[in-house]
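Participant: Please read through the structure below; I'll follow up with questions.
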Amino acid sequence: MPHQTTPTSNADPVALICEAIRDRQRFVISSHSRPDGDSIGSQLAMAYALRALGKDVEVVNQDAAPSALMAFPGVRSVLVADRVDGQFDAAIIMECSELKRTGVEGLDQYFVINIDHHPGNANYGAVNWFDGGAAACAEMVFDVIRALGVPLSLEIATHIYVGILTDTGSFHYSSISSRTFDICRQLVDAGVEPPKVARSIFDSNTLGRLKLFGAVLSSIELEDDGRLAIVCVDRAMAAAAGGTYDDTEGLINLPLTVREIQAAVFFKEIAKHDYRVSMRSKGDIDLCAVAKKFGGGGHKNASGCSVTGRYHEVRARVVREVIAAIAHGSPSEEEPSAAL
Ligand code: AMP
Ligand code: MN
């Protein structure tokens, strides 16, 4: 293994990360604001692995974990803060193409280890590992944990599986590879029960959330000859349905269950003239490129951004770009092939 702690072009980033970890004792682990399943899964798998090595670990995010993840081990102990100033030897940042995506101030005062799979990662760490071919950051964390020689405990394996299950849209996106299944095979061998994890994440709705889904989906609009679905929600709609404003998490994935719909855009009003935009697509339709045009980012099949302006103007600007992306991307097959 190379004896250095800064990356060089031909150094193995996993070996460098392992060395940086072995040399240090106190870690803070952060991920992007509004953390998702891959953020939480990657962070907690790493936290359990580091603690197994006798390290001191604090997991800090700007926002709380999604409520559907609260039942998983260690999630309730994640700290919510927008600044860290503790005595840490290193900050491990996962899932962030830029350090400011954490929304947490103070992380740059530590030795930064950057582990990410989002296209356009800015290499902001003292050690950087970017792998755009990973279906989830949790796949990368799996490799680091294996290289550290930490056994796959049930907690670690479960969190890696949570990251992969959620970041592949329940094994739907084109980012999935044989590596994904090879890792999942090892996770199942370590005791993960996929139906149990899936039920815990996806079947934990409240009735208010289900009714809110109904209200939002019944006002779905179609564009581009039915290839593009538009959904939107504001606080009044959420309150009328009896759900909370956070209950819209995951709603964006439902329009794509319609065969003809190739892409979906979800506008959520955050404040007057301020919209959070979530986008999903099938096949080669590149929504990361669309999100980047609005200062956001993400992946080809799942991306997001924030856009300001009046609703009809914001909608028109985003829809124009998504329709262009649909025209460029080859739509997924209309019919499954007979061989399937
Ligand atoms: P969401 O629709 O919020 O679930 O986000 C889908 C994907 O896009 C996730 O991988 C996010 O990390 C990414 N993403 C969302 N918003 C942004 C943003 N403003 N900047 C960069 N990436 C984003
Ligand atoms: Mn991810």
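Residues in the structure tokens are numbered from 1 in each chain, the chains being A, B, ... in the order shown, and ligands are numbered from 1 in the order shown.
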Write out as a VMD selection string the residues lying within 12 Å of Gln25 in chain A, counting only C-alpha atoms and excluding same-chain residues fewer than 3 positions away.
Facilitator: chain A and resid 19 to 22 28 50 to 51 53 to 58 87 to 91 111
Participant: Would you list the residues that come within 10 Å of ligand 1? Count only C-alpha atoms and all ligand atoms and give the answer as a VMD selection string.
Facilitator: chain A and resid 31 to 39 95 to 98 100 to 101 117 to 120 136 to 137 166 to 167 169 249 to 253 265 to 267 276 to 280 287 to 288 291 to 292 294 to 307
Participant: Write out as CSV the residues of range 121-188 of chain A that have any atom within 10 Å of an atom of range 72-85 of chain A, one row each with the nearest atom pair and its distance in Å to one decimal, counting only C-alpha atoms, sorted by chain and then rising number.
Facilitator:
residue,atom,partner,partner_atom,distance
A:Leu154,CA,A:Pro73,CA,9.7
A:Glu155,CA,A:Pro73,CA,6.5
A:Ile156,CA,A:Pro73,CA,9.2
A:Thr158,CA,A:Phe72,CA,8.3
A:His159,CA,A:Phe72,CA,7.9
A:Val162,CA,A:Phe72,CA,9.2
Participant: Tell me, which residues of range 45-257 of chain A carry DSSP helix (DSSP H, G or I), written as an MDAnalysis selection string?
Facilitator: chainID A and resid 45:52 67:69 75:77 99:102 107:109 137:148 154:167 178:189 194:202 207:218 224:226 235:241 245:248 251:253 255:257
Participant: Just the residues within 9 Å of Ala215 in chain A, please, counting only C-alpha atoms, with nothing from its chain fewer than 5 positions along; format it as a compact mmCIF listing (two decimals) with N, CA, C and O atoms, in the first residue's frame.
Facilitator:
# COMPACT_ATOMS: atom_id res chain seq x y z
N LEU A 210 -50.81 8.84 2.22
CA LEU A 210 -51.44 8.17 1.09
C LEU A 210 -52.49 9.08 0.45
O LEU A 210 -52.58 9.19 -0.78
N MET A 237 -52.46 22.30 -0.21
CA MET A 237 -52.84 20.97 -0.71
C MET A 237 -52.48 19.90 0.31
O MET A 237 -53.27 18.98 0.58
N ALA A 238 -51.28 20.01 0.90
CA ALA A 238 -50.82 19.02 1.88
C ALA A 238 -51.72 19.05 3.11
O ALA A 238 -52.15 18.01 3.61
N ALA A 241 -55.18 17.52 2.55
CA ALA A 241 -55.17 16.05 2.47
C ALA A 241 -54.91 15.41 3.83
O ALA A 241 -55.06 14.20 3.98
Participant: How far is it from CA of Pro151 in chain A to CA of Asn121 in chain A, in Å with one decimal?
Facilitator: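 Pair CA of Pro151 in chain A / CA of Asn121 in chain A returns 29.5 Å.
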Participant: Can you check which residues of range 74-267 of chain A DSSP gives as strand (DSSP E or B) on the backbone and send them as a PDB file with N, CA and C atoms, in the first residue's frame?
Facilitator:
ATOM      1  N   LEU A  79     -26.771  13.550  14.394  1.00  0.00           N
ATOM      2  CA  LEU A  79     -26.966  14.923  14.874  1.00  0.00           C
ATOM      3  C   LEU A  79     -27.419  15.819  13.731  1.00  0.00           C
ATOM      4  N   VAL A  80     -28.340  16.729  14.035  1.00  0.00           N
ATOM      5  CA  VAL A  80     -28.776  17.707  13.042  1.00  0.00           C
ATOM      6  C   VAL A  80     -28.195  19.055  13.447  1.00  0.00           C
ATOM      7  N   ARG A  83     -23.482  23.585  11.714  1.00  0.00           N
ATOM      8  CA  ARG A  83     -22.068  23.940  11.912  1.00  0.00           C
ATOM      9  C   ARG A  83     -21.416  22.878  12.796  1.00  0.00           C
ATOM     10  N   ALA A  90     -10.625  14.144  11.117  1.00  0.00           N
ATOM     11  CA  ALA A  90     -10.995  14.088   9.696  1.00  0.00           C
ATOM     12  C   ALA A  90     -12.504  14.205   9.540  1.00  0.00           C
ATOM     13  N   ALA A  91     -12.900  14.720   8.368  1.00  0.00           N
ATOM     14  CA  ALA A  91     -14.316  14.770   8.005  1.00  0.00           C
ATOM     15  C   ALA A  91     -14.492  13.877   6.784  1.00  0.00           C
ATOM     16  N   ILE A  92     -15.376  12.890   6.896  1.00  0.00           N
ATOM     17  CA  ILE A  92     -15.677  12.045   5.736  1.00  0.00           C
ATOM     18  C   ILE A  92     -16.979  12.562   5.140  1.00  0.00           C
ATOM     19  N   ILE A  93     -16.900  13.012   3.887  1.00  0.00           N
ATOM     20  CA  ILE A  93     -18.059  13.607   3.225  1.00  0.00           C
ATOM     21  C   ILE A  93     -18.515  12.647   2.136  1.00  0.00           C
ATOM     22  N   MET A  94     -19.772  12.255   2.205  1.00  0.00           N
ATOM     23  CA  MET A  94     -20.262  11.309   1.221  1.00  0.00           C
ATOM     24  C   MET A  94     -21.446  11.876   0.469  1.00  0.00           C
ATOM     25  N   GLU A 105     -21.514  24.075   8.026  1.00  0.00           N
ATOM     26  CA  GLU A 105     -20.301  24.903   8.043  1.00  0.00           C
ATOM     27  C   GLU A 105     -19.226  24.259   8.919  1.00  0.00           C
ATOM     28  N   PHE A 111      -9.270  17.408   7.935  1.00  0.00           N
ATOM     29  CA  PHE A 111      -8.735  16.643   6.806  1.00  0.00           C
ATOM     30  C   PHE A 111      -9.953  16.004   6.108  1.00  0.00           C
ATOM     31  N   VAL A 112     -10.230  16.432   4.883  1.00  0.00           N
ATOM     32  CA  VAL A 112     -11.480  16.009   4.237  1.00  0.00           C
ATOM     33  C   VAL A 112     -11.273  14.792   3.327  1.00  0.00           C
ATOM     34  N   ILE A 113     -12.088  13.759   3.584  1.00  0.00           N
ATOM     35  CA  ILE A 113     -12.107  12.568   2.728  1.00  0.00           C
ATOM     36  C   ILE A 113     -13.417  12.597   1.958  1.00  0.00           C
ATOM     37  N   ASN A 114     -13.325  12.682   0.639  1.00  0.00           N
ATOM     38  CA  ASN A 114     -14.483  12.894  -0.239  1.00  0.00           C
ATOM     39  C   ASN A 114     -14.794  11.598  -0.991  1.00  0.00           C
ATOM     40  N   ILE A 115     -15.972  11.025  -0.720  1.00  0.00           N
ATOM     41  CA  ILE A 115     -16.380   9.775  -1.377  1.00  0.00           C
ATOM     42  C   ILE A 115     -17.723  10.042  -2.051  1.00  0.00           C
ATOM     43  N   ASP A 116     -17.783   9.914  -3.384  1.00  0.00           N
ATOM     44  CA  ASP A 116     -19.010  10.336  -4.073  1.00  0.00           C
ATOM     45  C   ASP A 116     -19.162   9.667  -5.438  1.00  0.00           C
ATOM     46  N   VAL A 127      -8.228  13.740   0.324  1.00  0.00           N
ATOM     47  CA  VAL A 127      -8.270  12.473  -0.404  1.00  0.00           C
ATOM     48  C   VAL A 127      -9.633  12.430  -1.088  1.00  0.00           C
ATOM     49  N   ASN A 128      -9.627  12.054  -2.366  1.00  0.00           N
ATOM     50  CA  ASN A 128     -10.870  12.061  -3.138  1.00  0.00           C
ATOM     51  C   ASN A 128     -11.074  10.720  -3.810  1.00  0.00           C
ATOM     52  N   TRP A 129     -12.298  10.201  -3.725  1.00  0.00           N
ATOM     53  CA  TRP A 129     -12.638   9.038  -4.532  1.00  0.00           C
ATOM     54  C   TRP A 129     -13.988   9.307  -5.173  1.00  0.00           C
ATOM     55  N   PHE A 130     -13.952   9.492  -6.476  1.00  0.00           N
ATOM     56  CA  PHE A 130     -15.174   9.678  -7.251  1.00  0.00           C
ATOM     57  C   PHE A 130     -15.342   8.451  -8.149  1.00  0.00           C
ATOM     58  N   GLU A 221     -50.484  16.402 -14.648  1.00  0.00           N
ATOM     59  CA  GLU A 221     -50.638  16.959 -15.995  1.00  0.00           C
ATOM     60  C   GLU A 221     -49.638  16.281 -16.914  1.00  0.00           C
ATOM     61  N   LEU A 222     -50.004  16.140 -18.185  1.00  0.00           N
ATOM     62  CA  LEU A 222     -49.113  15.496 -19.148  1.00  0.00           C
ATOM     63  C   LEU A 222     -48.655  16.484 -20.201  1.00  0.00           C
ATOM     64  N   GLU A 223     -47.419  16.308 -20.641  1.00  0.00           N
ATOM     65  CA  GLU A 223     -46.854  17.126 -21.713  1.00  0.00           C
ATOM     66  C   GLU A 223     -46.172  16.179 -22.688  1.00  0.00           C
ATOM     67  N   LEU A 228     -44.244  13.023 -20.713  1.00  0.00           N
ATOM     68  CA  LEU A 228     -43.769  13.757 -19.532  1.00  0.00           C
ATOM     69  C   LEU A 228     -44.929  14.032 -18.569  1.00  0.00           C
ATOM     70  N   ALA A 229     -44.733  13.678 -17.302  1.00  0.00           N
ATOM     71  CA  ALA A 229     -45.746  13.933 -16.270  1.00  0.00           C
ATOM     72  C   ALA A 229     -45.282  15.079 -15.380  1.00  0.00           C
ATOM     73  N   ILE A 230     -46.220  15.962 -15.053  1.00  0.00           N
ATOM     74  CA  ILE A 230     -45.914  17.078 -14.152  1.00  0.00           C
ATOM     75  C   ILE A 230     -46.813  16.958 -12.924  1.00  0.00           C
ATOM     76  N   VAL A 231     -46.214  17.008 -11.745  1.00  0.00           N
ATOM     77  CA  VAL A 231     -47.010  17.073 -10.518  1.00  0.00           C
ATOM     78  C   VAL A 231     -46.498  18.234  -9.667  1.00  0.00           C
ATOM     79  N   CYS A 232     -47.390  18.817  -8.888  1.00  0.00           N
ATOM     80  CA  CYS A 232     -46.954  19.923  -8.035  1.00  0.00           C
ATOM     81  C   CYS A 232     -47.729  19.879  -6.720  1.00  0.00           C
ATOM     82  N   VAL A 233     -47.113  20.461  -5.694  1.00  0.00           N
ATOM     83  CA  VAL A 233     -47.796  20.516  -4.402  1.00  0.00           C
ATOM     84  C   VAL A 233     -47.453  21.834  -3.701  1.00  0.00           C
ATOM     85  N   ALA A 263     -40.629  10.495 -18.364  1.00  0.00           N
ATOM     86  CA  ALA A 263     -39.978  11.385 -17.391  1.00  0.00           C
ATOM     87  C   ALA A 263     -41.056  12.040 -16.527  1.00  0.00           C
ATOM     88  N   ALA A 264     -40.670  12.404 -15.308  1.00  0.00           N
ATOM     89  CA  ALA A 264     -41.612  13.060 -14.394  1.00  0.00           C
ATOM     90  C   ALA A 264     -40.905  14.209 -13.690  1.00  0.00           C
ATOM     91  N   VAL A 265     -41.637  15.312 -13.530  1.00  0.00           N
ATOM     92  CA  VAL A 265     -41.093  16.466 -12.805  1.00  0.00           C
ATOM     93  C   VAL A 265     -42.076  16.827 -11.692  1.00  0.00           C
ATOM     94  N   PHE A 266     -41.515  17.058 -10.519  1.00  0.00           N
ATOM     95  CA  PHE A 266     -42.330  17.371  -9.348  1.00  0.00           C
ATOM     96  C   PHE A 266     -41.915  18.737  -8.818  1.00  0.00           C
ATOM     97  N   PHE A 267     -42.869  19.662  -8.772  1.00  0.00           N
ATOM     98  CA  PHE A 267     -42.596  21.009  -8.253  1.00  0.00           C
ATOM     99  C   PHE A 267     -43.182  21.114  -6.853  1.00  0.00           C
TER     100      PHE A 267
END
Participant: Nearest residue to Val104 in chain A out of A:Val14, A:Ala239, A:Ile29, A:Val290, using only C-alpha atoms?
Facilitator: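 Comparing A:Val14, A:Ala239, A:Ile29, A:Val290 against Val104 in chain A, the winner is A:Ile29.
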Participant: Taking only C-alpha atoms and all ligand atoms into account, name the residue in A:Gln62, A:Thr102, A:Ser153, A:Thr168 that is nearest to ligand 2.
Facilitator: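 Closest residue, counting only C-alpha atoms and all ligand atoms: A:Thr168.
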Participant: Considering only C-alpha atoms and all ligand atoms, can you say which of A:Asp182, A:Asp108, A:Asp63, A:Glu139 comes closest to ligand 2?
Facilitator: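 Distance minimum relative to ligand 2 lands on A:Glu139.
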Participant: For Tyr311 in chain A, list every protein, DNA or RNA residue within 9 Å, evaluated using only C-alpha atoms, and leave out those in the same chain fewer than 4 positions away; present the list as a list in words.
Facilitator: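 What passes the distance filter is Phe267, Glu269, His273, Asp274, Tyr275, Arg315 and Ala316 of chain A.
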Participant: Only all heavy atoms, please: the residues just picked out, written as a PDB file, in the first residue's frame.
Facilitator:
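After the write, part_17.pdb holds the following:
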ATOM      1  N   PHE A 267     -42.869  19.662  -8.772  1.00  0.00           N
ATOM      2  CA  PHE A 267     -42.596  21.009  -8.253  1.00  0.00           C
ATOM      3  C   PHE A 267     -43.182  21.114  -6.853  1.00  0.00           C
ATOM      4  O   PHE A 267     -44.387  20.904  -6.661  1.00  0.00           O
ATOM      5  CB  PHE A 267     -43.252  22.071  -9.142  1.00  0.00           C
ATOM      6  CG  PHE A 267     -42.700  22.124 -10.538  1.00  0.00           C
ATOM      7  CD1 PHE A 267     -43.305  21.413 -11.569  1.00  0.00           C
ATOM      8  CD2 PHE A 267     -41.572  22.877 -10.831  1.00  0.00           C
ATOM      9  CE1 PHE A 267     -42.802  21.459 -12.860  1.00  0.00           C
ATOM     10  CE2 PHE A 267     -41.059  22.930 -12.121  1.00  0.00           C
ATOM     11  CZ  PHE A 267     -41.674  22.219 -13.134  1.00  0.00           C
ATOM     12  N   GLU A 269     -43.612  23.750  -3.735  1.00  0.00           N
ATOM     13  CA  GLU A 269     -43.447  25.156  -3.342  1.00  0.00           C
ATOM     14  C   GLU A 269     -42.811  25.212  -1.954  1.00  0.00           C
ATOM     15  O   GLU A 269     -43.355  24.690  -0.988  1.00  0.00           O
ATOM     16  CB  GLU A 269     -44.794  25.862  -3.328  1.00  0.00           C
ATOM     17  CG  GLU A 269     -44.654  27.357  -3.143  1.00  0.00           C
ATOM     18  CD  GLU A 269     -46.001  28.039  -2.981  1.00  0.00           C
ATOM     19  OE1 GLU A 269     -46.777  27.642  -2.092  1.00  0.00           O
ATOM     20  OE2 GLU A 269     -46.265  28.972  -3.748  1.00  0.00           O
ATOM     21  N   HIS A 273     -42.747  31.907  -4.741  1.00  0.00           N
ATOM     22  CA  HIS A 273     -41.841  32.039  -5.890  1.00  0.00           C
ATOM     23  C   HIS A 273     -40.529  31.270  -5.725  1.00  0.00           C
ATOM     24  O   HIS A 273     -39.500  31.652  -6.268  1.00  0.00           O
ATOM     25  CB  HIS A 273     -41.540  33.513  -6.209  1.00  0.00           C
ATOM     26  CG  HIS A 273     -42.760  34.275  -6.592  1.00  0.00           C
ATOM     27  ND1 HIS A 273     -42.813  35.647  -6.577  1.00  0.00           N
ATOM     28  CD2 HIS A 273     -43.983  33.864  -6.982  1.00  0.00           C
ATOM     29  CE1 HIS A 273     -44.033  36.045  -6.940  1.00  0.00           C
ATOM     30  NE2 HIS A 273     -44.761  34.967  -7.189  1.00  0.00           N
ATOM     31  N   ASP A 274     -40.553  30.209  -4.915  1.00  0.00           N
ATOM     32  CA  ASP A 274     -39.341  29.402  -4.708  1.00  0.00           C
ATOM     33  C   ASP A 274     -39.745  27.924  -4.744  1.00  0.00           C
ATOM     34  O   ASP A 274     -40.511  27.464  -3.892  1.00  0.00           O
ATOM     35  CB  ASP A 274     -38.716  29.768  -3.348  1.00  0.00           C
ATOM     36  CG  ASP A 274     -37.422  29.011  -3.093  1.00  0.00           C
ATOM     37  OD1 ASP A 274     -36.914  28.340  -4.026  1.00  0.00           O
ATOM     38  OD2 ASP A 274     -36.917  29.083  -1.959  1.00  0.00           O
ATOM     39  N   TYR A 275     -39.263  27.209  -5.754  1.00  0.00           N
ATOM     40  CA  TYR A 275     -39.693  25.822  -5.963  1.00  0.00           C
ATOM     41  C   TYR A 275     -38.528  24.859  -5.909  1.00  0.00           C
ATOM     42  O   TYR A 275     -37.470  25.114  -6.469  1.00  0.00           O
ATOM     43  CB  TYR A 275     -40.402  25.681  -7.340  1.00  0.00           C
ATOM     44  CG  TYR A 275     -41.704  26.414  -7.341  1.00  0.00           C
ATOM     45  CD1 TYR A 275     -41.748  27.768  -7.710  1.00  0.00           C
ATOM     46  CD2 TYR A 275     -42.858  25.793  -6.923  1.00  0.00           C
ATOM     47  CE1 TYR A 275     -42.938  28.474  -7.670  1.00  0.00           C
ATOM     48  CE2 TYR A 275     -44.056  26.490  -6.878  1.00  0.00           C
ATOM     49  CZ  TYR A 275     -44.088  27.822  -7.245  1.00  0.00           C
ATOM     50  OH  TYR A 275     -45.263  28.515  -7.187  1.00  0.00           O
ATOM     51  N   ARG A 315     -42.357  26.405 -14.301  1.00  0.00           N
ATOM     52  CA  ARG A 315     -42.806  25.173 -14.944  1.00  0.00           C
ATOM     53  C   ARG A 315     -42.424  25.176 -16.427  1.00  0.00           C
ATOM     54  O   ARG A 315     -41.891  24.191 -16.945  1.00  0.00           O
ATOM     55  CB  ARG A 315     -44.332  25.066 -14.784  1.00  0.00           C
ATOM     56  CG  ARG A 315     -44.941  23.784 -15.304  1.00  0.00           C
ATOM     57  CD  ARG A 315     -46.460  23.915 -15.248  1.00  0.00           C
ATOM     58  NE  ARG A 315     -47.169  22.717 -15.616  1.00  0.00           N
ATOM     59  CZ  ARG A 315     -47.287  22.248 -16.839  1.00  0.00           C
ATOM     60  NH1 ARG A 315     -46.681  22.861 -17.850  1.00  0.00           N
ATOM     61  NH2 ARG A 315     -47.989  21.144 -17.079  1.00  0.00           N
ATOM     62  N   ALA A 316     -42.674  26.289 -17.104  1.00  0.00           N
ATOM     63  CA  ALA A 316     -42.404  26.354 -18.546  1.00  0.00           C
ATOM     64  C   ALA A 316     -40.903  26.186 -18.834  1.00  0.00           C
ATOM     65  O   ALA A 316     -40.510  25.464 -19.755  1.00  0.00           O
ATOM     66  CB  ALA A 316     -42.914  27.686 -19.110  1.00  0.00           C
TER      67      ALA A 316
END
Participant: Restricting the calculation to only C-alpha atoms, which member of A:Asn61, A:Ser30, A:Gln186, A:Ser67 is positioned closest to Ile160 in chain A?
Facilitator: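 Looking only at the distances to Ile160 in chain A, the closest residue turns out to be A:Gln186.
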